[in-house]
>>> print(open('protein-v4.txt').read())   # compact mmCIF, C-alpha atoms
# COMPACT_ATOMS: atom_id res chain seq x y z
CA MET G 15 13.08 29.46 0.79
CA PRO G 16 16.45 28.69 -0.83
CA LEU G 17 16.71 25.94 -3.42
CA SER G 18 19.04 23.95 -1.17
CA LYS G 19 16.21 23.53 1.35
CA LYS G 20 13.26 23.42 -1.02
CA ILE G 21 14.49 20.53 -3.18
CA PRO G 22 15.19 18.11 -0.24
CA ILE G 23 11.69 18.76 1.09
CA ILE G 24 10.19 18.04 -2.34
CA ILE G 25 12.27 14.85 -2.69
CA PHE G 26 11.27 13.69 0.78
CA ALA G 27 7.58 14.32 0.06
CA ILE G 28 7.72 12.48 -3.28
CA VAL G 29 9.68 9.49 -1.94
CA THR G 30 7.58 9.16 1.19
CA GLY G 31 4.34 9.47 -0.76
CA ALA G 32 5.40 6.93 -3.39
CA LEU G 33 6.61 4.38 -0.83
CA SER G 34 3.46 4.87 1.25
CA LEU G 35 1.29 4.16 -1.80
CA LEU G 36 3.33 1.08 -2.68
CA GLY G 37 3.23 -0.13 0.91
CA SER G 38 -0.53 0.42 1.14
CA ALA G 39 -1.14 -1.39 -2.16
CA ASN G 40 1.00 -4.33 -1.04
CA PHE G 41 -0.69 -4.45 2.37
CA PHE G 42 -4.23 -4.51 0.99
CA MET G 43 -3.29 -7.03 -1.72
CA GLN G 44 -1.78 -9.41 0.84
CA ARG G 45 -4.72 -8.85 3.17
CA SER G 46 -7.15 -9.71 0.38
CA ASN G 47 -5.17 -12.84 -0.53
CA ILE G 48 -5.15 -14.06 3.08
CA LEU G 49 -8.89 -13.49 3.48
CA ASP G 50 -9.61 -15.25 0.16
CA PHE G 51 -7.50 -18.22 1.22
CA HIS G 52 -9.42 -18.73 4.47
CA ALA G 53 -12.79 -18.04 2.83
CA ASP G 54 -12.05 -20.64 0.14
CA LYS G 55 -11.12 -23.12 2.84
CA ALA G 56 -14.41 -22.46 4.64
CA LEU G 57 -16.29 -22.81 1.34
CA ASP G 58 -14.72 -26.21 0.65
CA MET G 59 -15.71 -27.42 4.12
CA ALA G 60 -19.29 -26.16 3.82
CA THR G 61 -19.66 -27.72 0.37
CA SER G 62 -18.21 -31.06 1.50
CA PHE G 63 -20.58 -31.30 4.46
CA ALA G 64 -23.57 -30.26 2.34
CA ILE G 65 -22.81 -33.13 -0.05
CA ILE G 66 -22.77 -35.61 2.84
CA LEU G 67 -26.24 -34.63 4.08
CA ASN G 68 -29.44 -36.15 2.69
CA GLY G 69 -31.71 -33.24 1.87
CA ASP G 70 -34.94 -35.23 2.12
CA SER G 71 -34.01 -36.55 5.56
CA VAL G 72 -33.04 -33.08 6.77
CA GLU G 73 -36.31 -31.62 5.41
CA SER G 74 -38.38 -34.32 7.16
CA ALA G 75 -36.63 -33.77 10.51
CA LEU G 76 -37.16 -30.01 10.33
CA LYS G 77 -40.84 -30.40 9.47
CA ASN G 78 -41.51 -32.95 12.20
CA GLY G 79 -39.36 -31.17 14.77
CA GLU G 80 -37.59 -34.43 15.67
CA LYS G 81 -34.07 -35.71 15.11
CA ASN G 82 -33.88 -38.36 12.43
CA SER G 83 -31.84 -41.55 12.67
CA GLU G 84 -28.88 -39.99 10.81
CA TRP G 85 -28.65 -36.89 12.98
CA GLY G 86 -26.19 -38.39 15.51
CA LYS G 87 -23.87 -39.62 12.75
CA TRP G 88 -23.89 -36.27 10.99
CA LYS G 89 -23.31 -34.42 14.25
CA ASN G 90 -20.21 -36.52 14.96
CA MET G 91 -18.99 -35.92 11.41
CA ALA G 92 -19.47 -32.17 11.88
CA ASP G 93 -17.48 -32.21 15.13
CA GLU G 94 -14.69 -34.21 13.50
CA MET G 95 -14.57 -32.02 10.37
CA LEU G 96 -14.46 -28.89 12.54
CA SER G 97 -11.56 -30.09 14.70
CA GLN G 98 -9.50 -31.45 11.81
CA ASN G 99 -9.81 -28.37 9.62
CA GLU G 100 -9.41 -25.61 12.21
CA LEU G 101 -12.95 -24.31 11.74
CA THR G 102 -14.58 -22.24 14.45
CA TYR G 103 -18.22 -22.98 13.56
CA LEU G 104 -19.84 -25.56 11.30
CA TYR G 105 -23.64 -25.57 11.25
CA VAL G 106 -26.73 -26.50 9.30
CA MET G 107 -29.63 -24.05 9.37
CA ALA G 108 -33.25 -24.41 8.37
CA LYS G 109 -34.91 -21.91 6.04
CA PRO G 110 -35.57 -18.57 7.79
CA GLN G 111 -38.98 -17.97 9.29
CA ASP G 112 -40.04 -14.41 10.09
CA ASP G 113 -37.06 -12.84 11.88
CA SER G 114 -35.45 -16.04 13.17
CA ILE G 115 -33.71 -19.15 11.89
CA LYS G 116 -33.32 -22.59 13.49
CA TYR G 117 -30.31 -24.86 13.82
CA TYR G 118 -30.38 -28.44 12.58
CA ILE G 119 -26.76 -29.22 13.54
CA SER G 120 -24.16 -27.04 15.17
CA ALA G 121 -20.49 -27.74 15.93
CA THR G 122 -18.08 -25.28 17.53
CA ASP G 123 -14.63 -25.26 19.12
CA ARG G 124 -15.79 -22.77 21.74
CA ASP G 125 -17.52 -23.21 25.06
CA GLY G 126 -21.25 -23.82 24.98
CA THR G 127 -23.44 -25.79 22.61
CA ILE G 128 -26.36 -24.93 20.37
CA GLY G 129 -29.08 -27.54 20.43
CA PHE G 130 -31.32 -29.06 17.80
CA LEU G 131 -33.93 -26.50 16.54
CA GLU G 132 -32.52 -23.78 18.74
CA SER G 133 -33.34 -20.37 17.22
CA GLU G 134 -31.06 -17.52 16.25
CA HIS G 135 -32.02 -13.99 15.26
CA LEU G 136 -31.54 -13.18 11.57
CA GLU G 137 -29.51 -10.10 12.44
CA GLU G 138 -26.60 -12.40 13.30
CA PHE G 139 -26.36 -13.52 9.66
CA ASP G 140 -25.23 -11.57 6.63
CA ASP G 141 -27.09 -11.19 3.33
CA VAL G 142 -24.63 -13.53 1.59
CA PHE G 143 -25.85 -16.36 3.81
CA LEU G 144 -29.52 -15.55 3.31
CA ASN G 145 -29.10 -15.38 -0.48
CA VAL G 146 -28.11 -19.05 -0.50
CA TYR G 147 -31.76 -19.93 0.17
CA LYS G 148 -32.88 -17.73 -2.70
CA THR G 149 -30.29 -18.62 -5.34
CA GLY G 150 -29.47 -22.20 -4.38
CA LYS G 151 -25.80 -21.44 -4.98
CA ARG G 152 -22.88 -21.67 -2.61
CA SER G 153 -21.12 -18.43 -1.65
CA LYS G 154 -18.39 -17.01 0.53
CA TYR G 155 -17.92 -13.84 2.52
CA ALA G 156 -14.23 -12.99 2.05
CA ILE G 157 -14.51 -9.73 3.96
CA LEU G 158 -13.31 -9.54 7.52
CA PHE G 159 -16.28 -8.64 9.69
CA GLU G 160 -16.96 -8.55 13.40
CA SER G 161 -19.99 -10.17 14.90
CA GLN G 162 -20.74 -8.86 18.36
CA LYS G 163 -21.58 -12.40 19.42
CA TYR G 164 -19.10 -14.50 17.47
CA GLY G 165 -16.07 -12.24 16.88
CA TRP G 166 -13.96 -11.64 13.75
CA LEU G 167 -14.88 -14.16 11.06
CA VAL G 168 -14.77 -15.11 7.42
CA SER G 169 -17.63 -17.34 6.34
CA ALA G 170 -18.85 -19.56 3.53
CA TYR G 171 -22.14 -21.26 2.80
CA ALA G 172 -23.51 -24.12 0.71
CA PRO G 173 -27.15 -25.14 0.06
CA VAL G 174 -28.71 -28.44 1.10
CA LYS G 175 -31.28 -29.56 -1.47
CA ASN G 176 -33.96 -32.26 -1.46
CA SER G 177 -34.58 -34.72 -4.27
CA ASN G 178 -36.66 -32.07 -6.09
CA GLY G 179 -33.74 -29.64 -6.14
CA GLU G 180 -35.35 -27.33 -3.58
CA VAL G 181 -33.20 -25.65 -0.94
CA VAL G 182 -34.30 -26.98 2.45
CA ALA G 183 -31.31 -25.88 4.55
CA ALA G 184 -27.88 -24.31 4.32
CA VAL G 185 -24.48 -25.29 5.68
CA GLY G 186 -22.32 -22.56 7.12
CA ALA G 187 -18.61 -22.68 7.96
CA ASP G 188 -16.85 -19.90 9.88
CA ILE G 189 -13.16 -19.38 10.61
CA ASP G 190 -12.06 -17.17 13.48
CA MET G 191 -9.77 -14.46 12.09
CA LEU G 192 -8.77 -12.64 15.28
CA GLU G 193 -5.22 -14.01 15.30
CA VAL G 194 -4.97 -13.64 11.53
CA LYS G 195 -6.23 -10.07 11.89
CA ARG G 196 -3.46 -9.35 14.40
CA GLU G 197 -0.90 -10.88 12.04
CA ILE G 198 -2.25 -8.80 9.14
CA ASN G 199 -2.03 -5.63 11.23
CA LEU G 200 1.49 -6.56 12.33
CA TYR G 201 2.44 -7.18 8.71
CA GLY G 202 1.00 -3.78 7.81
CA ALA G 203 3.01 -2.11 10.56
CA VAL G 204 6.19 -3.83 9.33
CA ILE G 205 5.48 -2.78 5.73
CA PHE G 206 4.91 0.85 6.68
CA GLY G 207 7.93 0.81 8.99
CA MET G 208 10.16 -0.56 6.24
CA SER G 209 8.73 1.99 3.82
CA ALA G 210 9.57 4.78 6.25
CA ILE G 211 13.14 3.50 6.74
CA LEU G 212 13.64 3.01 3.00
CA GLY G 213 12.16 6.44 2.36
CA PHE G 214 14.61 8.02 4.81
CA LEU G 215 17.56 6.20 3.21
CA VAL G 216 16.51 7.23 -0.29
CA PHE G 217 15.97 10.77 0.96
CA PHE G 218 19.40 10.86 2.64
CA ILE G 219 21.21 9.47 -0.43
CA SER G 220 19.28 11.79 -2.75
CA VAL G 221 20.15 14.84 -0.67
CA ARG G 222 23.82 13.86 -0.57
CA LEU G 223 23.96 13.36 -4.32
CA MET G 224 21.99 16.53 -4.96
CA ARG G 225 24.30 18.61 -2.80
CA LYS G 226 27.37 17.22 -4.50
CA ASN G 227 26.07 17.41 -8.05
CA LEU G 228 23.78 20.45 -7.89
CA ILE G 229 23.94 22.65 -4.81
CA GLU G 230 27.73 22.77 -4.41
CA PRO G 231 28.37 23.54 -8.13
CA LEU G 232 25.70 26.25 -8.02
CA ASN G 233 27.24 27.74 -4.89
CA SER G 234 30.64 27.72 -6.60
CA LEU G 235 29.20 29.52 -9.61
CA VAL G 236 27.46 32.07 -7.37
CA TYR G 237 30.68 32.67 -5.42
CA ALA G 238 32.69 33.08 -8.63
CA ALA G 239 30.10 35.47 -10.05
CA LYS G 240 30.05 37.57 -6.88
CA ASN G 241 33.82 37.82 -6.91
CA PHE G 242 34.06 38.56 -10.60
CA SER G 243 36.14 41.62 -11.40
CA LEU G 244 37.78 42.88 -14.52
CA LEU G 245 41.12 41.27 -15.36
CA ASN G 246 40.58 38.78 -12.52
CA LYS G 247 40.18 35.16 -13.60
CA SER G 248 37.47 34.21 -11.11
CA PHE G 249 35.95 31.39 -13.21
CA ASP G 250 39.25 29.72 -14.15
CA ASP G 251 39.43 27.81 -10.85
CA LEU G 252 36.07 26.10 -11.38
CA ASN G 253 36.35 22.35 -12.00
CA PHE G 254 33.22 20.42 -12.90
CA ASN G 255 34.68 17.41 -14.70
CA TYR G 256 32.22 15.09 -12.89
CA SER G 257 29.24 16.92 -14.41
CA VAL G 258 28.96 17.42 -18.17
CA GLU G 259 26.29 20.11 -17.85
CA PHE G 260 28.09 22.18 -15.21
CA LYS G 261 31.44 21.78 -17.00
CA GLU G 262 29.84 23.15 -20.16
CA LEU G 263 28.33 26.04 -18.19
CA ALA G 264 31.66 26.78 -16.47
CA ASP G 265 33.50 26.69 -19.81
CA THR G 266 30.94 29.12 -21.24
CA LEU G 267 31.43 31.49 -18.30
CA LYS G 268 35.20 31.24 -18.60
CA ASP G 269 34.98 32.03 -22.29
CA MET G 270 32.70 34.99 -21.52
CA GLU G 271 35.12 36.19 -18.86
CA HIS G 272 38.08 36.00 -21.24
CA LYS G 273 36.18 37.91 -23.93
CA ILE G 274 35.22 40.61 -21.44
CA ASN G 275 38.78 40.92 -20.21
CA LYS G 276 40.06 40.96 -23.76
CA ALA G 277 37.57 43.69 -24.68
CA VAL G 278 38.51 45.70 -21.57
CA LYS G 279 42.22 45.39 -22.36
CA LYS G 280 41.63 46.47 -25.95
CA SER G 281 39.52 49.42 -24.83
CA PHE G 282 42.17 50.40 -22.32
CA THR G 283 44.92 50.10 -24.90
CA ASP G 284 42.97 52.13 -27.43
CA SER G 285 42.36 54.83 -24.85
CA LEU G 286 46.08 55.02 -24.03
CA SER G 287 46.93 55.20 -27.72
CA LYS G 288 44.53 58.06 -28.26
CA LEU G 289 45.92 59.92 -25.27
CA HIS G 290 49.45 59.32 -26.44
CA ASN G 291 48.69 60.51 -29.97
CA ARG G 292 46.92 63.63 -28.66
CA ASP G 293 49.79 64.53 -26.37
CA PHE G 294 52.28 63.92 -29.17
CA PHE G 295 50.28 66.21 -31.47
CA ARG G 296 50.28 68.98 -28.86
CA ILE G 297 54.01 68.73 -28.36
CA SER G 298 54.58 68.89 -32.12
CA VAL G 299 52.44 71.98 -32.50
CA ASN G 300 54.18 73.77 -29.65
CA ASP G 301 57.49 73.04 -31.19
>>> encode(input="protein-v4.txt", output="structure tokens")
Amino acid sequence: MPLSKKIPIIIFAIVTGALSLLGSANFFMQRSNILDFHADKALDMATSFAIILNGDSVESALKNGEKNSEWGKWKNMADEMLSQNELTYLYVMAKPQDDSIKYYISATDRDGTIGFLESEHLEEFDDVFLNVYKTGKRSKYAILFESQKYGWLVSAYAPVKNSNGEVVAAVGADIDMLEVKREINLYGAVIFGMSAILGFLVFFISVRLMRKNLIEPLNSLVYAAKNFSLLNKSFDDLNFNYSVEFKELADTLKDMEHKINKAVKKSFTDSLSKLHNRDFFRISVND
């Protein structure tokens, strides 16, 4: 493959690869920032609601299996907090038992309600949520995941503790990320599209510059070399003033050409002199 075709392909591969890497890095960084932002928001909501609850009262209601006097007030607060902060789910869960877990309070912006002490299978909850009961520390799940039942979510959790500091329940806050996911994917498509366009422009400009500053001078040198003949100034017409390197190379070739021509002329002249002297000697002898 000639250099004029090989170099553009190499440039295109390098530019496209570099821009693709930069675009991918930017996409995943922005994606991570967006997920962290929503997860932090969910964590603040879960923590705020956990602070409002009275752990001893929640523990008593869960043990007795009956709503306490504060349940209605807290349920209304959960509904209000959910609607004002664009949450999808806000709930309080009892400690897991066997393979299920029970709701104390549940608020959602979707159709359907989850009642007091209604059970949910543990498979619907991630390990981050379950670790809240073990560690007693709040946590967030800033990774976009899809629940078959609840959709694309980011979640955060905060413990509810009694007066002895024991975890008796956990507050969970979920934010639906389906629309955000679509926006992230659209952003990614735009980034990669812009990278492709920019890559093509850089490739086009690079090829133009390369042809002007490399390929065309090389072709001129090749043409001059192919048409080089003795006593013919084939390199004198080369003009590479716009390129220091090629001008220096052309000047070197011109100098070489002049030396060759000079040497040829001298050799030719010497040969004529010898022939002339030999003929003159013969004529003198004959005389």
>>> axis_aligned_box(input="protein-v4.txt", around="segment 197-203 of chain G", padding_each_side="6 Å", output="lines of an AutoDock Vina configuration file")
center_x = 0.4
center_y = -6.5
center_z = 10.1
size_x = 17.3
size_y = 20.8
size_z = 16.5
>>> residues_around(input="protein-v4.txt", residues="Gly86 of chain G", least_positions_apart="4", cutoff="12 Å", atoms="only C-alpha atoms", output="list in words")
Lys81, Asn82, Asn90, Met91, Ala92, Asp93, Tyr118, Ile119, Ser120 and Phe130 of chain G
>>> residues_around(input="protein-v4.txt", residues="Ala210 of chain G", least_positions_apart="6", cutoff="8 Å", atoms="all atoms listed in the file", output="list of chain:residue names")
G:Thr30, G:Leu33, G:Ser34
>>> atom_distance(input="protein-v4.txt", atom1="atom CA of Val221 of chain G", atom2="atom CA of Gly31 of chain G")
16.7 Å
>>> atom_distance(input="protein-v4.txt", atom1="atom CA of Met208 of chain G", atom2="atom CA of Leu223 of chain G")
22.3 Å
>>> atom_distance(input="protein-v4.txt", atom1="atom CA of Ile189 of chain G", atom2="atom CA of Ser71 of chain G")
27.5 Å
>>> closest_residue(input="protein-v4.txt", among="G:Ala184, G:Val29, G:Ala277, G:Val236", to="Leu104 of chain G", atoms="only C-alpha atoms")
G:Ala184
>>> closest_residue(input="protein-v4.txt", among="G:Val181, G:Val216, G:Ala32, G:Ala108", to="Leu136 of chain G", atoms="all atoms listed in the file")
G:Ala108
>>> closest_residue(input="protein-v4.txt", among="G:Leu263, G:Val142, G:Ile28, G:Ala183", to="Asp70 of chain G", atoms="all atoms listed in the file")
G:Ala183
>>> residues_around(input="protein-v4.txt", residues="Tyr105 of chain G", least_positions_apart="2", cutoff="10 Å", atoms="all atoms listed in the file", output="ChimeraX atom specification")
/G:60,63,89,92-93,96,103,107,117-122,128,171,184-188
>>> residues_around(input="protein-v4.txt", residues="Tyr201 of chain G", least_positions_apart="6", cutoff="12 Å", atoms="all atoms listed in the file", output="list in words")
Gly37, Ser38, Asn40, Phe41, Phe42, Met43, Gln44, Arg45, Ile48, Val194, Lys195, Gly207 and Met208 of chain G
>>> closest_residue(input="protein-v4.txt", among="G:Lys279, G:Asn233, G:Met224, G:Asp112", to="Lys20 of chain G", atoms="all atoms listed in the file")
G:Met224
>>> closest_residue(input="protein-v4.txt", among="G:Leu101, G:Ile211, G:Leu192, G:Val174", to="Ala53 of chain G", atoms="only C-alpha atoms")
G:Leu101
>>> decode(input="protein-v4.txt", residues="segment 36-47 of chain G", atoms="all heavy atoms", output="PDB file, in the first residue's frame")
ATOM      1  N   LEU G  36     -12.046   9.633  24.597  1.00  0.00           N
ATOM      2  CA  LEU G  36     -12.415  10.857  25.313  1.00  0.00           C
ATOM      3  C   LEU G  36     -13.926  10.962  25.477  1.00  0.00           C
ATOM      4  O   LEU G  36     -14.424  11.335  26.542  1.00  0.00           O
ATOM      5  CB  LEU G  36     -11.881  12.081  24.567  1.00  0.00           C
ATOM      6  CG  LEU G  36     -10.365  12.294  24.597  1.00  0.00           C
ATOM      7  CD1 LEU G  36      -9.969  13.448  23.690  1.00  0.00           C
ATOM      8  CD2 LEU G  36      -9.886  12.556  26.020  1.00  0.00           C
ATOM      9  N   GLY G  37     -14.654  10.634  24.407  1.00  0.00           N
ATOM     10  CA  GLY G  37     -16.110  10.670  24.477  1.00  0.00           C
ATOM     11  C   GLY G  37     -16.659   9.679  25.485  1.00  0.00           C
ATOM     12  O   GLY G  37     -17.577   9.992  26.254  1.00  0.00           O
ATOM     13  N   SER G  38     -16.093   8.476  25.504  1.00  0.00           N
ATOM     14  CA  SER G  38     -16.535   7.449  26.459  1.00  0.00           C
ATOM     15  C   SER G  38     -16.250   7.876  27.895  1.00  0.00           C
ATOM     16  O   SER G  38     -17.096   7.723  28.785  1.00  0.00           O
ATOM     17  CB  SER G  38     -15.823   6.123  26.165  1.00  0.00           C
ATOM     18  OG  SER G  38     -16.141   5.654  24.883  1.00  0.00           O
ATOM     19  N   ALA G  39     -15.049   8.423  28.119  1.00  0.00           N
ATOM     20  CA  ALA G  39     -14.689   8.874  29.468  1.00  0.00           C
ATOM     21  C   ALA G  39     -15.623   9.976  29.935  1.00  0.00           C
ATOM     22  O   ALA G  39     -16.095   9.977  31.086  1.00  0.00           O
ATOM     23  CB  ALA G  39     -13.237   9.357  29.488  1.00  0.00           C
ATOM     24  N   ASN G  40     -15.916  10.924  29.040  1.00  0.00           N
ATOM     25  CA  ASN G  40     -16.822  12.019  29.389  1.00  0.00           C
ATOM     26  C   ASN G  40     -18.226  11.515  29.663  1.00  0.00           C
ATOM     27  O   ASN G  40     -18.887  11.939  30.616  1.00  0.00           O
ATOM     28  CB  ASN G  40     -16.837  13.048  28.256  1.00  0.00           C
ATOM     29  CG  ASN G  40     -17.719  14.238  28.566  1.00  0.00           C
ATOM     30  OD1 ASN G  40     -18.908  14.256  28.219  1.00  0.00           O
ATOM     31  ND2 ASN G  40     -17.151  15.240  29.191  1.00  0.00           N
ATOM     32  N   PHE G  41     -18.680  10.570  28.829  1.00  0.00           N
ATOM     33  CA  PHE G  41     -20.029  10.019  28.998  1.00  0.00           C
ATOM     34  C   PHE G  41     -20.179   9.324  30.348  1.00  0.00           C
ATOM     35  O   PHE G  41     -21.136   9.579  31.093  1.00  0.00           O
ATOM     36  CB  PHE G  41     -20.317   9.031  27.864  1.00  0.00           C
ATOM     37  CG  PHE G  41     -21.544   8.201  28.079  1.00  0.00           C
ATOM     38  CD1 PHE G  41     -22.801   8.744  27.944  1.00  0.00           C
ATOM     39  CD2 PHE G  41     -21.437   6.855  28.434  1.00  0.00           C
ATOM     40  CE1 PHE G  41     -23.940   7.967  28.152  1.00  0.00           C
ATOM     41  CE2 PHE G  41     -22.561   6.079  28.631  1.00  0.00           C
ATOM     42  CZ  PHE G  41     -23.816   6.631  28.492  1.00  0.00           C
ATOM     43  N   PHE G  42     -19.232   8.456  30.691  1.00  0.00           N
ATOM     44  CA  PHE G  42     -19.345   7.708  31.943  1.00  0.00           C
ATOM     45  C   PHE G  42     -19.142   8.613  33.168  1.00  0.00           C
ATOM     46  O   PHE G  42     -19.737   8.373  34.222  1.00  0.00           O
ATOM     47  CB  PHE G  42     -18.340   6.556  31.958  1.00  0.00           C
ATOM     48  CG  PHE G  42     -18.731   5.420  31.067  1.00  0.00           C
ATOM     49  CD1 PHE G  42     -18.022   5.149  29.902  1.00  0.00           C
ATOM     50  CD2 PHE G  42     -19.830   4.635  31.369  1.00  0.00           C
ATOM     51  CE1 PHE G  42     -18.397   4.106  29.069  1.00  0.00           C
ATOM     52  CE2 PHE G  42     -20.217   3.582  30.542  1.00  0.00           C
ATOM     53  CZ  PHE G  42     -19.497   3.321  29.388  1.00  0.00           C
ATOM     54  N   MET G  43     -18.327   9.663  33.020  1.00  0.00           N
ATOM     55  CA  MET G  43     -18.152  10.600  34.117  1.00  0.00           C
ATOM     56  C   MET G  43     -19.443  11.377  34.379  1.00  0.00           C
ATOM     57  O   MET G  43     -19.884  11.513  35.525  1.00  0.00           O
ATOM     58  CB  MET G  43     -17.012  11.571  33.811  1.00  0.00           C
ATOM     59  CG  MET G  43     -16.729  12.570  34.936  1.00  0.00           C
ATOM     60  SD  MET G  43     -15.340  13.664  34.559  1.00  0.00           S
ATOM     61  CE  MET G  43     -16.067  14.611  33.197  1.00  0.00           C
ATOM     62  N   GLN G  44     -20.069  11.871  33.300  1.00  0.00           N
ATOM     63  CA  GLN G  44     -21.329  12.597  33.445  1.00  0.00           C
ATOM     64  C   GLN G  44     -22.428  11.676  33.963  1.00  0.00           C
ATOM     65  O   GLN G  44     -23.252  12.078  34.788  1.00  0.00           O
ATOM     66  CB  GLN G  44     -21.733  13.206  32.097  1.00  0.00           C
ATOM     67  CG  GLN G  44     -20.826  14.307  31.603  1.00  0.00           C
ATOM     68  CD  GLN G  44     -20.802  15.508  32.525  1.00  0.00           C
ATOM     69  OE1 GLN G  44     -21.790  15.829  33.195  1.00  0.00           O
ATOM     70  NE2 GLN G  44     -19.673  16.191  32.571  1.00  0.00           N
ATOM     71  N   ARG G  45     -22.442  10.454  33.471  1.00  0.00           N
ATOM     72  CA  ARG G  45     -23.434   9.477  33.928  1.00  0.00           C
ATOM     73  C   ARG G  45     -23.292   9.231  35.428  1.00  0.00           C
ATOM     74  O   ARG G  45     -24.281   9.202  36.172  1.00  0.00           O
ATOM     75  CB  ARG G  45     -23.251   8.170  33.153  1.00  0.00           C
ATOM     76  CG  ARG G  45     -24.264   7.080  33.473  1.00  0.00           C
ATOM     77  CD  ARG G  45     -23.977   5.875  32.575  1.00  0.00           C
ATOM     78  NE  ARG G  45     -24.965   4.842  32.735  1.00  0.00           N
ATOM     79  CZ  ARG G  45     -24.889   3.867  33.636  1.00  0.00           C
ATOM     80  NH1 ARG G  45     -23.846   3.822  34.456  1.00  0.00           N
ATOM     81  NH2 ARG G  45     -25.843   2.948  33.722  1.00  0.00           N
ATOM     82  N   SER G  46     -22.055   9.062  35.879  1.00  0.00           N
ATOM     83  CA  SER G  46     -21.793   8.839  37.295  1.00  0.00           C
ATOM     84  C   SER G  46     -22.218  10.039  38.131  1.00  0.00           C
ATOM     85  O   SER G  46     -22.808   9.890  39.211  1.00  0.00           O
ATOM     86  CB  SER G  46     -20.312   8.538  37.511  1.00  0.00           C
ATOM     87  OG  SER G  46     -20.019   8.378  38.879  1.00  0.00           O
ATOM     88  N   ASN G  47     -21.935  11.246  37.630  1.00  0.00           N
ATOM     89  CA  ASN G  47     -22.308  12.461  38.363  1.00  0.00           C
ATOM     90  C   ASN G  47     -23.825  12.595  38.495  1.00  0.00           C
ATOM     91  O   ASN G  47     -24.344  12.989  39.552  1.00  0.00           O
ATOM     92  CB  ASN G  47     -21.738  13.697  37.653  1.00  0.00           C
ATOM     93  CG  ASN G  47     -20.226  13.791  37.767  1.00  0.00           C
ATOM     94  OD1 ASN G  47     -19.629  13.201  38.665  1.00  0.00           O
ATOM     95  ND2 ASN G  47     -19.606  14.526  36.870  1.00  0.00           N
TER      96      ASN G  47
END
